[in-house]
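Student: Below is the file structure24.cif, which contains mmCIF, C-alpha atoms.
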```cif
data_upload
#
loop_
_atom_site.group_PDB
_atom_site.id
_atom_site.type_symbol
_atom_site.label_atom_id
_atom_site.label_comp_id
_atom_site.auth_asym_id
_atom_site.auth_seq_id
_atom_site.Cartn_x
_atom_site.Cartn_y
_atom_site.Cartn_z
ATOM 1 C CA MET W 1 8.273 7.877 26.535
ATOM 2 C CA TYR W 2 8.100 4.651 24.496
ATOM 3 C CA ARG W 3 7.410 1.377 26.321
ATOM 4 C CA TYR W 4 9.087 -1.581 24.612
ATOM 5 C CA HIS W 5 7.952 -5.015 25.721
ATOM 6 C CA ASN W 6 10.444 -6.729 23.395
ATOM 7 C CA LEU W 7 14.100 -5.750 23.470
ATOM 8 C CA GLU W 8 14.451 -6.345 19.716
ATOM 9 C CA GLU W 9 11.970 -3.524 19.242
ATOM 10 C CA LYS W 10 14.177 -0.968 21.010
ATOM 11 C CA PRO W 11 14.887 1.714 18.415
ATOM 12 C CA GLU W 12 18.327 2.487 17.082
ATOM 13 C CA MET W 13 19.383 5.439 14.982
ATOM 14 C CA THR W 14 17.905 4.903 11.530
ATOM 15 C CA LYS W 15 19.787 6.086 8.491
ATOM 16 C CA ARG W 16 18.162 7.090 5.235
ATOM 17 C CA MET W 17 18.182 4.140 2.863
ATOM 18 C CA ASP W 18 18.176 3.481 -0.850
ATOM 19 C CA LEU W 19 14.482 2.770 -1.460
ATOM 20 C CA GLY W 20 14.586 1.554 -5.052
ATOM 21 C CA GLY W 21 14.540 4.922 -6.782
ATOM 22 C CA SER W 22 11.468 7.093 -7.203
ATOM 23 C CA PHE W 23 8.391 7.516 -9.391
ATOM 24 C CA THR W 24 6.346 10.656 -10.050
ATOM 25 C CA LEU W 25 2.604 10.123 -10.288
ATOM 26 C CA PRO W 26 1.017 11.513 -13.475
ATOM 27 C CA GLY W 27 -0.288 15.071 -13.389
ATOM 28 C CA THR W 28 1.080 15.608 -9.891
ATOM 29 C CA ALA W 29 4.111 16.974 -8.089
ATOM 30 C CA MET W 30 4.172 13.792 -5.997
ATOM 31 C CA THR W 31 7.483 11.966 -6.395
ATOM 32 C CA LEU W 32 7.329 8.818 -4.310
ATOM 33 C CA ASN W 33 10.230 6.667 -3.204
ATOM 34 C CA ARG W 34 9.373 3.256 -4.605
ATOM 35 C CA MET W 35 9.518 1.518 -1.246
ATOM 36 C CA GLY W 36 6.602 2.777 0.830
ATOM 37 C CA TYR W 37 4.823 1.514 3.922
ATOM 38 C CA GLY W 38 1.437 -0.168 4.333
ATOM 39 C CA ALA W 39 -0.190 0.698 7.656
ATOM 40 C CA MET W 40 -2.815 -2.056 7.873
ATOM 41 C CA GLN W 41 -0.864 -4.130 10.411
ATOM 42 C CA LEU W 42 -0.672 -1.239 12.870
ATOM 43 C CA ALA W 43 -4.154 -2.160 14.086
ATOM 44 C CA GLY W 44 -4.827 -5.120 16.374
ATOM 45 C CA PRO W 45 -5.285 -8.775 15.343
ATOM 46 C CA GLY W 46 -7.582 -9.153 12.357
ATOM 47 C CA VAL W 47 -7.056 -5.449 11.606
ATOM 48 C CA TRP W 48 -9.455 -4.750 14.470
ATOM 49 C CA GLY W 49 -9.034 -2.582 17.524
ATOM 50 C CA PRO W 50 -5.828 -1.117 18.916
ATOM 51 C CA PRO W 51 -2.410 -2.767 18.715
ATOM 52 C CA ARG W 52 -0.774 -4.449 21.697
ATOM 53 C CA ASP W 53 1.628 -1.523 22.069
ATOM 54 C CA VAL W 54 0.743 1.828 20.525
ATOM 55 C CA ASP W 55 4.209 3.184 21.298
ATOM 56 C CA VAL W 56 5.852 0.527 19.138
ATOM 57 C CA ALA W 57 3.411 1.334 16.319
ATOM 58 C CA ILE W 58 4.388 5.004 16.596
ATOM 59 C CA ALA W 59 8.071 4.053 16.560
ATOM 60 C CA VAL W 60 7.602 1.988 13.380
ATOM 61 C CA LEU W 61 6.017 4.935 11.583
ATOM 62 C CA ARG W 62 8.700 7.365 12.687
ATOM 63 C CA ASP W 63 11.419 4.889 11.752
ATOM 64 C CA ALA W 64 9.888 4.466 8.296
ATOM 65 C CA LEU W 65 10.067 8.191 7.637
ATOM 66 C CA ALA W 66 13.581 8.415 9.068
ATOM 67 C CA ALA W 67 14.642 5.755 6.540
ATOM 68 C CA GLY W 68 13.293 7.906 3.703
ATOM 69 C CA ILE W 69 9.803 6.511 3.146
ATOM 70 C CA ASN W 70 7.458 9.242 1.879
ATOM 71 C CA HIS W 71 4.415 7.130 0.883
ATOM 72 C CA ILE W 72 2.072 5.598 3.471
ATOM 73 C CA ASP W 73 -0.913 3.478 2.462
ATOM 74 C CA THR W 74 -3.812 3.388 4.915
ATOM 75 C CA SER W 75 -7.590 3.402 5.297
ATOM 76 C CA ASP W 76 -10.041 4.457 7.951
ATOM 77 C CA PHE W 77 -11.601 0.976 7.831
ATOM 78 C CA TYR W 78 -8.373 -0.426 9.321
ATOM 79 C CA GLY W 79 -9.223 -0.750 12.977
ATOM 80 C CA PRO W 80 -11.654 0.820 12.117
ATOM 81 C CA HIS W 81 -10.250 4.333 12.644
ATOM 82 C CA VAL W 82 -7.330 3.036 14.730
ATOM 83 C CA THR W 83 -4.607 3.054 12.083
ATOM 84 C CA ASN W 84 -5.313 6.602 10.931
ATOM 85 C CA GLN W 85 -5.418 7.828 14.510
ATOM 86 C CA ILE W 86 -1.989 6.261 15.171
ATOM 87 C CA ILE W 87 -0.584 7.850 12.011
ATOM 88 C CA LYS W 88 -1.826 11.239 13.185
ATOM 89 C CA GLN W 89 -0.440 10.716 16.685
ATOM 90 C CA ALA W 90 2.956 9.658 15.333
ATOM 91 C CA LEU W 91 3.508 12.032 12.430
ATOM 92 C CA HIS W 92 1.233 15.090 12.569
ATOM 93 C CA PRO W 93 2.066 17.769 11.532
ATOM 94 C CA TYR W 94 3.165 15.846 8.474
ATOM 95 C CA PRO W 95 6.377 16.462 6.495
ATOM 96 C CA ASP W 96 5.759 18.380 3.264
ATOM 97 C CA ASP W 97 6.921 15.477 1.066
ATOM 98 C CA LEU W 98 4.856 12.773 2.790
ATOM 99 C CA VAL W 99 2.033 11.375 0.640
ATOM 100 C CA ILE W 100 -0.720 9.561 2.524
ATOM 101 C CA VAL W 101 -2.832 7.335 0.293
ATOM 102 C CA THR W 102 -6.108 6.116 1.728
ATOM 103 C CA LYS W 103 -8.948 4.050 0.324
ATOM 104 C CA VAL W 104 -12.729 3.997 0.550
ATOM 105 C CA GLY W 105 -15.390 1.559 -0.594
ATOM 106 C CA ALA W 106 -15.494 -0.843 2.350
ATOM 107 C CA ARG W 107 -16.483 -0.864 6.003
ATOM 108 C CA ARG W 108 -16.236 -3.229 8.947
ATOM 109 C CA GLY W 109 -19.192 -5.102 10.342
ATOM 110 C CA ALA W 110 -19.757 -5.498 14.076
ATOM 111 C CA ASP W 111 -18.594 -9.102 13.624
ATOM 112 C CA LYS W 112 -15.266 -7.827 12.169
ATOM 113 C CA SER W 113 -16.338 -8.741 8.626
ATOM 114 C CA TRP W 114 -15.365 -6.712 5.554
ATOM 115 C CA LEU W 115 -18.375 -5.234 3.754
ATOM 116 C CA HIS W 116 -18.831 -3.112 0.645
ATOM 117 C CA ALA W 117 -19.589 0.548 1.329
ATOM 118 C CA LEU W 118 -20.077 2.084 -2.102
ATOM 119 C CA SER W 119 -23.234 4.145 -1.740
ATOM 120 C CA ARG W 120 -22.970 7.894 -2.176
ATOM 121 C CA GLN W 121 -23.411 8.624 1.523
ATOM 122 C CA GLU W 122 -21.034 5.866 2.615
ATOM 123 C CA LEU W 123 -18.294 7.258 0.356
ATOM 124 C CA ILE W 124 -18.841 10.827 1.540
ATOM 125 C CA ASP W 125 -18.791 9.691 5.176
ATOM 126 C CA ALA W 126 -15.626 7.643 4.563
ATOM 127 C CA VAL W 127 -13.769 10.614 3.095
ATOM 128 C CA HIS W 128 -14.743 12.777 6.072
ATOM 129 C CA ASP W 129 -13.741 9.990 8.503
ATOM 130 C CA ASN W 130 -10.300 9.849 6.869
ATOM 131 C CA LEU W 131 -9.939 13.626 6.994
ATOM 132 C CA ARG W 132 -10.892 13.781 10.653
ATOM 133 C CA ASN W 133 -8.812 10.862 11.900
ATOM 134 C CA LEU W 134 -5.725 11.843 9.897
ATOM 135 C CA GLY W 135 -6.065 15.487 10.899
ATOM 136 C CA LEU W 136 -6.149 16.748 7.311
ATOM 137 C CA GLU W 137 -8.189 19.300 5.380
ATOM 138 C CA LYS W 138 -7.501 17.574 2.051
ATOM 139 C CA LEU W 139 -6.558 13.948 1.287
ATOM 140 C CA ASP W 140 -3.533 13.455 -0.987
ATOM 141 C CA ILE W 141 -4.860 10.395 -2.826
ATOM 142 C CA VAL W 142 -8.043 8.379 -2.333
ATOM 143 C CA ASN W 143 -8.272 4.951 -3.925
ATOM 144 C CA LEU W 144 -11.737 3.670 -4.748
ATOM 145 C CA ARG W 145 -11.767 0.046 -3.613
ATOM 146 C CA VAL W 146 -14.156 -2.189 -5.571
ATOM 147 C CA GLY W 147 -14.314 -5.876 -6.524
ATOM 148 C CA GLY W 148 -13.975 -8.906 -4.300
ATOM 149 C CA VAL W 149 -11.603 -9.756 -1.482
ATOM 150 C CA MET W 150 -8.735 -10.962 -3.674
ATOM 151 C CA GLY W 151 -9.552 -9.666 -7.124
ATOM 152 C CA PRO W 152 -11.686 -7.479 -9.361
ATOM 153 C CA SER W 153 -15.309 -8.059 -10.301
ATOM 154 C CA GLU W 154 -16.774 -7.090 -13.650
ATOM 155 C CA GLY W 155 -19.141 -4.153 -13.790
ATOM 156 C CA SER W 156 -19.327 -0.398 -13.967
ATOM 157 C CA ILE W 157 -17.575 1.783 -11.379
ATOM 158 C CA GLU W 158 -19.112 4.992 -12.700
ATOM 159 C CA GLU W 159 -21.530 5.623 -9.844
ATOM 160 C CA PRO W 160 -19.076 5.455 -6.905
ATOM 161 C CA LEU W 161 -16.201 7.063 -8.828
ATOM 162 C CA THR W 162 -18.418 10.017 -9.769
ATOM 163 C CA VAL W 163 -18.864 10.687 -6.040
ATOM 164 C CA LEU W 164 -15.084 10.846 -5.524
ATOM 165 C CA ALA W 165 -14.717 13.099 -8.566
ATOM 166 C CA GLU W 166 -17.248 15.483 -6.988
ATOM 167 C CA LEU W 167 -15.335 15.488 -3.699
ATOM 168 C CA LYS W 168 -12.158 16.190 -5.650
ATOM 169 C CA ARG W 169 -13.812 19.204 -7.278
ATOM 170 C CA GLN W 170 -14.920 20.355 -3.822
ATOM 171 C CA GLY W 171 -11.286 20.374 -2.705
ATOM 172 C CA LEU W 172 -11.451 17.465 -0.246
ATOM 173 C CA ILE W 173 -9.295 15.149 -2.421
ATOM 174 C CA ARG W 174 -6.218 16.029 -4.468
ATOM 175 C CA HIS W 175 -5.965 12.907 -6.622
ATOM 176 C CA VAL W 176 -7.873 9.678 -7.235
ATOM 177 C CA GLY W 177 -6.706 6.098 -7.662
ATOM 178 C CA LEU W 178 -8.401 2.734 -8.100
ATOM 179 C CA SER W 179 -8.037 -0.552 -6.242
ATOM 180 C CA ASN W 180 -9.017 -4.064 -7.314
ATOM 181 C CA VAL W 181 -9.932 -3.110 -10.889
ATOM 182 C CA THR W 182 -9.718 -4.424 -14.427
ATOM 183 C CA PRO W 183 -8.246 -2.578 -17.414
ATOM 184 C CA GLU W 184 -11.798 -1.934 -18.623
ATOM 185 C CA GLN W 185 -12.721 -0.320 -15.311
ATOM 186 C CA LEU W 186 -9.610 1.850 -15.484
ATOM 187 C CA ALA W 187 -10.620 3.044 -18.944
ATOM 188 C CA GLU W 188 -14.104 3.826 -17.652
ATOM 189 C CA GLY W 189 -12.609 5.650 -14.683
ATOM 190 C CA GLN W 190 -10.337 7.772 -16.854
ATOM 191 C CA ARG W 191 -13.414 9.153 -18.613
ATOM 192 C CA ILE W 192 -14.641 10.425 -15.231
ATOM 193 C CA THR W 193 -11.453 11.754 -13.600
ATOM 194 C CA GLU W 194 -7.689 11.437 -13.857
ATOM 195 C CA ILE W 195 -6.405 8.218 -12.279
ATOM 196 C CA VAL W 196 -2.905 8.440 -10.822
ATOM 197 C CA CYS W 197 -2.438 4.898 -9.473
ATOM 198 C CA VAL W 198 -3.886 1.389 -9.456
ATOM 199 C CA GLN W 199 -3.636 -0.976 -6.481
ATOM 200 C CA ASN W 200 -4.222 -4.658 -7.252
ATOM 201 C CA LEU W 201 -3.175 -8.118 -6.076
ATOM 202 C CA TYR W 202 0.091 -9.019 -7.807
ATOM 203 C CA ASN W 203 3.205 -10.946 -6.865
ATOM 204 C CA VAL W 204 5.711 -13.400 -8.312
ATOM 205 C CA ALA W 205 3.116 -16.207 -8.100
ATOM 206 C CA HIS W 206 0.044 -14.226 -9.202
ATOM 207 C CA ARG W 207 0.796 -12.602 -12.540
ATOM 208 C CA ASN W 208 -2.648 -11.901 -14.009
ATOM 209 C CA ASP W 209 -1.814 -8.196 -14.241
ATOM 210 C CA ASP W 210 1.394 -8.585 -16.267
ATOM 211 C CA GLY W 211 -0.050 -6.917 -19.339
ATOM 212 C CA PHE W 212 -1.957 -4.362 -17.265
ATOM 213 C CA ILE W 213 1.250 -3.264 -15.509
ATOM 214 C CA ASP W 214 2.984 -2.744 -18.850
ATOM 215 C CA ASP W 215 0.046 -0.698 -20.151
ATOM 216 C CA LEU W 216 0.020 1.438 -16.999
ATOM 217 C CA ALA W 217 3.772 2.019 -17.312
ATOM 218 C CA ARG W 218 3.251 3.363 -20.827
ATOM 219 C CA LEU W 219 0.574 5.705 -19.423
ATOM 220 C CA GLY W 220 2.832 6.811 -16.571
ATOM 221 C CA ILE W 221 0.383 5.493 -13.942
ATOM 222 C CA GLY W 222 1.710 4.000 -10.721
ATOM 223 C CA TYR W 223 0.970 0.364 -9.892
ATOM 224 C CA VAL W 224 0.860 -0.653 -6.224
ATOM 225 C CA PRO W 225 0.746 -4.427 -5.664
ATOM 226 C CA PHE W 226 -0.665 -5.804 -2.437
ATOM 227 C CA PHE W 227 -0.087 -9.204 -0.792
ATOM 228 C CA PRO W 228 3.521 -9.740 -2.008
ATOM 229 C CA LEU W 229 3.454 -13.235 -0.478
ATOM 230 C CA GLY W 230 -0.281 -13.941 -0.867
ATOM 231 C CA GLY W 231 -1.765 -17.106 -2.343
ATOM 232 C CA PHE W 232 1.375 -19.146 -2.956
ATOM 233 C CA THR W 233 1.083 -22.917 -3.411
ATOM 234 C CA PRO W 234 3.543 -25.076 -1.424
ATOM 235 C CA LEU W 235 5.603 -25.637 -4.581
ATOM 236 C CA GLN W 236 5.744 -21.925 -5.351
ATOM 237 C CA SER W 237 6.707 -21.183 -1.753
ATOM 238 C CA SER W 238 9.510 -23.761 -1.879
ATOM 239 C CA LYS W 239 10.986 -22.140 -4.994
ATOM 240 C CA LEU W 240 10.880 -18.711 -3.372
ATOM 241 C CA GLU W 241 12.429 -20.057 -0.172
ATOM 242 C CA ALA W 242 15.220 -21.748 -2.171
ATOM 243 C CA ALA W 243 16.006 -18.458 -3.881
ATOM 244 C CA ALA W 244 16.018 -16.656 -0.538
ATOM 245 C CA THR W 245 18.347 -19.221 1.035
ATOM 246 C CA SER W 246 20.818 -18.934 -1.834
ATOM 247 C CA LEU W 247 20.877 -15.148 -1.421
ATOM 248 C CA GLN W 248 20.985 -15.225 2.404
ATOM 249 C CA ALA W 249 17.781 -13.208 2.386
ATOM 250 C CA THR W 250 14.197 -13.690 3.538
ATOM 251 C CA PRO W 251 11.408 -14.800 1.165
ATOM 252 C CA MET W 252 9.753 -11.388 1.652
ATOM 253 C CA GLN W 253 12.955 -9.573 0.687
ATOM 254 C CA VAL W 254 13.246 -11.645 -2.492
ATOM 255 C CA ALA W 255 9.567 -11.151 -3.354
ATOM 256 C CA LEU W 256 9.886 -7.384 -2.901
ATOM 257 C CA ALA W 257 13.144 -7.199 -4.868
ATOM 258 C CA TRP W 258 11.523 -9.092 -7.735
ATOM 259 C CA LEU W 259 8.607 -6.632 -7.763
ATOM 260 C CA LEU W 260 10.919 -3.613 -7.820
ATOM 261 C CA ARG W 261 12.773 -5.109 -10.762
ATOM 262 C CA ARG W 262 9.530 -6.009 -12.594
ATOM 263 C CA SER W 263 8.630 -2.460 -13.708
ATOM 264 C CA SER W 264 9.715 1.064 -12.833
ATOM 265 C CA ASN W 265 6.109 2.162 -12.156
ATOM 266 C CA ILE W 266 5.684 -0.367 -9.338
ATOM 267 C CA LEU W 267 5.456 1.178 -5.859
ATOM 268 C CA LEU W 268 5.635 -1.141 -2.853
ATOM 269 C CA ILE W 269 3.776 -0.866 0.453
ATOM 270 C CA PRO W 270 4.934 -3.792 2.633
ATOM 271 C CA GLY W 271 3.405 -3.588 6.070
ATOM 272 C CA THR W 272 4.606 -4.628 9.496
ATOM 273 C CA SER W 273 4.145 -3.721 13.141
ATOM 274 C CA SER W 274 7.762 -4.632 13.938
ATOM 275 C CA LEU W 275 10.808 -2.364 13.720
ATOM 276 C CA GLU W 276 12.980 -5.357 12.913
ATOM 277 C CA HIS W 277 10.768 -6.433 10.018
ATOM 278 C CA LEU W 278 10.473 -2.866 8.737
ATOM 279 C CA ARG W 279 14.240 -2.574 8.421
ATOM 280 C CA GLU W 280 14.407 -6.064 6.919
ATOM 281 C CA ASN W 281 11.800 -5.192 4.278
ATOM 282 C CA LEU W 282 13.560 -1.963 3.306
ATOM 283 C CA LYS W 283 16.802 -3.835 2.621
ATOM 284 C CA ALA W 284 14.993 -5.527 -0.291
ATOM 285 C CA ALA W 285 15.512 -2.324 -2.280
ATOM 286 C CA THR W 286 19.241 -3.039 -2.532
ATOM 287 C CA LEU W 287 19.037 -6.834 -2.916
ATOM 288 C CA GLN W 288 20.628 -7.867 -6.206
ATOM 289 C CA LEU W 289 18.949 -10.767 -8.023
ATOM 290 C CA PRO W 290 21.320 -12.725 -10.304
ATOM 291 C CA PRO W 291 19.965 -13.725 -13.758
ATOM 292 C CA GLU W 292 19.534 -17.387 -12.806
ATOM 293 C CA ILE W 293 17.516 -16.438 -9.715
ATOM 294 C CA ILE W 294 15.342 -14.107 -11.804
ATOM 295 C CA ALA W 295 14.687 -16.907 -14.299
ATOM 296 C CA ASN W 296 13.687 -19.275 -11.483
ATOM 297 C CA LEU W 297 11.391 -16.681 -9.944
ATOM 298 C CA ASP W 298 9.827 -15.816 -13.310
ATOM 299 C CA SER W 299 8.921 -19.502 -13.712
ATOM 300 C CA ILE W 300 6.903 -19.513 -10.478
ATOM 301 C CA GLY W 301 3.987 -17.589 -11.994
#
```
Please lay out the structure from this file as structure tokens.

Tutor:
Amino acid sequence: MYRYHNLEEKPEMTKRMDLGGSFTLPGTAMTLNRMGYGAMQLAGPGVWGPPRDVDVAIAVLRDALAAGINHIDTSDFYGPHVTNQIIKQALHPYPDDLVIVTKVGARRGADKSWLHALSRQELIDAVHDNLRNLGLEKLDIVNLRVGGVMGPSEGSIEEPLTVLAELKRQGLIRHVGLSNVTPEQLAEGQRITEIVCVQNLYNVAHRNDDGFIDDLARLGIGYVPFFPLGGFTPLQSSKLEAAATSLQATPMQVALAWLLRRSSNILLIPGTSSLEHLRENLKAATLQLPPEIIANLDSIG
């Protein structure tokens, strides 16, 4: 029995929604609806410990799938362990078409800090932690997370990616992706194993990956932007808010709609711990952006 501390969180019947079309990852049978769900916010404050109300977190996940979402982004270092355990509690046994994408390459310090965890043993342990806490025998997709907090760092990714390629050959991982990487690191990675997706910081205000996205589209590789509202200046925020007001939408809805329009290989993973915000985010898939609004948004970055 769910316990709802906020009446706005009381669930209603959720209908399947238009989620911006679909995209099939290269070399796979995985066809993902372009609007997915990012599970990071299911953990407690600071992505640490349990949420205030586990039942609401479970309801958000079930509502997401009822709306048609078939792509969940997670990691065992969210919580740590908490988010994956909630996903398992809410959704296991999983629907056949659900793709759970997790990531390795980081860990949490006792002080709640975010630390690199790229040694061979740390990566092996992280894959097994994800398997155990998600209740899986094989992970659909594992993204290797490298670089800094908000962007890539130069350097070889061969050593950690080789570990994931070995685990893939052992049957613990179906497919491999990369997170926080440069085009050069992608090219290096492709010499080691097939890469099906790239997850980097990108939004209407941070456009460093414009060319990279176009190159990935030509290769048929999915691009998953994180922080759709991250790092805006006050001026950039005011332009986005003006566009949202004119469309009677939220800034997040406009930011997500712009991303969906940007390229057909873009897959979104907005996160929330609120049923209201989940439904709000999903409506971005059907938000129409007039040409003048698009031009104004394009000028932000």

Student: Please provide the set of residues having any atom within 10 Å of Asn296 of chain W, restricted to only C-alpha atoms, with same-chain residues fewer than 4 positions apart removed, written as a PyMOL selection string.

Tutor: chain W and resi 239-240+242-243+291-292+300-301

Student: Got a sec to check which residues sit within 10 Å of (-2.5, 0.8, 19.8), counting all atoms listed in the file, and write them as a PyMOL selection string?

Tutor: chain W and resi 42-44+49-58+79+82-83+85-86

Student: Residues near Arg34 of chain W, anyone? I mean within 8 Å using all atoms listed in the file, not counting same-chain ones fewer than 2 positions away, as an mmCIF file with C-alpha atoms, keeping the file's coordinate frame.

Tutor:
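Resulting contents of result.cif:
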```cif
data_model
loop_
_atom_site.group_PDB
_atom_site.id
_atom_site.type_symbol
_atom_site.label_atom_id
_atom_site.label_comp_id
_atom_site.auth_asym_id
_atom_site.auth_seq_id
_atom_site.Cartn_x
_atom_site.Cartn_y
_atom_site.Cartn_z
ATOM 1 C CA LEU W 19 14.482 2.770 -1.460
ATOM 2 C CA GLY W 20 14.586 1.554 -5.052
ATOM 3 C CA GLY W 21 14.540 4.922 -6.782
ATOM 4 C CA SER W 22 11.468 7.093 -7.203
ATOM 5 C CA PHE W 23 8.391 7.516 -9.391
ATOM 6 C CA LEU W 32 7.329 8.818 -4.310
ATOM 7 C CA GLY W 36 6.602 2.777 0.830
ATOM 8 C CA LEU W 260 10.919 -3.613 -7.820
ATOM 9 C CA ILE W 266 5.684 -0.367 -9.338
ATOM 10 C CA LEU W 267 5.456 1.178 -5.859
ATOM 11 C CA LEU W 268 5.635 -1.141 -2.853
#
```

Student: Give me the residues within 8 Å of segment 209-224 of chain W as a ChimeraX atom specification, counting all atoms listed in the file and dropping any in the same chain fewer than 3 places off.

Tutor: /W:23,25-26,183,195-200,202,263-269

Student: Please, could you write that set of residues out with C-alpha atoms as a PDB file, in the frame of the given file?

Tutor:
```pdb
ATOM      1  CA  PHE W  23       8.391   7.516  -9.391  1.00  0.00           C
ATOM      2  CA  LEU W  25       2.604  10.123 -10.288  1.00  0.00           C
ATOM      3  CA  PRO W  26       1.017  11.513 -13.475  1.00  0.00           C
ATOM      4  CA  PRO W 183      -8.246  -2.578 -17.414  1.00  0.00           C
ATOM      5  CA  ILE W 195      -6.405   8.218 -12.279  1.00  0.00           C
ATOM      6  CA  VAL W 196      -2.905   8.440 -10.822  1.00  0.00           C
ATOM      7  CA  CYS W 197      -2.438   4.898  -9.473  1.00  0.00           C
ATOM      8  CA  VAL W 198      -3.886   1.389  -9.456  1.00  0.00           C
ATOM      9  CA  GLN W 199      -3.636  -0.976  -6.481  1.00  0.00           C
ATOM     10  CA  ASN W 200      -4.222  -4.658  -7.252  1.00  0.00           C
ATOM     11  CA  TYR W 202       0.091  -9.019  -7.807  1.00  0.00           C
ATOM     12  CA  SER W 263       8.630  -2.460 -13.708  1.00  0.00           C
ATOM     13  CA  SER W 264       9.715   1.064 -12.833  1.00  0.00           C
ATOM     14  CA  ASN W 265       6.109   2.162 -12.156  1.00  0.00           C
ATOM     15  CA  ILE W 266       5.684  -0.367  -9.338  1.00  0.00           C
ATOM     16  CA  LEU W 267       5.456   1.178  -5.859  1.00  0.00           C
ATOM     17  CA  LEU W 268       5.635  -1.141  -2.853  1.00  0.00           C
ATOM     18  CA  ILE W 269       3.776  -0.866   0.453  1.00  0.00           C
TER      19      ILE W 269
END
```

Student: What would the selection look like, as a ChimeraX atom specification, if the PyMOL selection byres ((chain W and resi 100) around 6) were run on the coordinates I just shared?

Tutor: /W:71-72,99,101,140
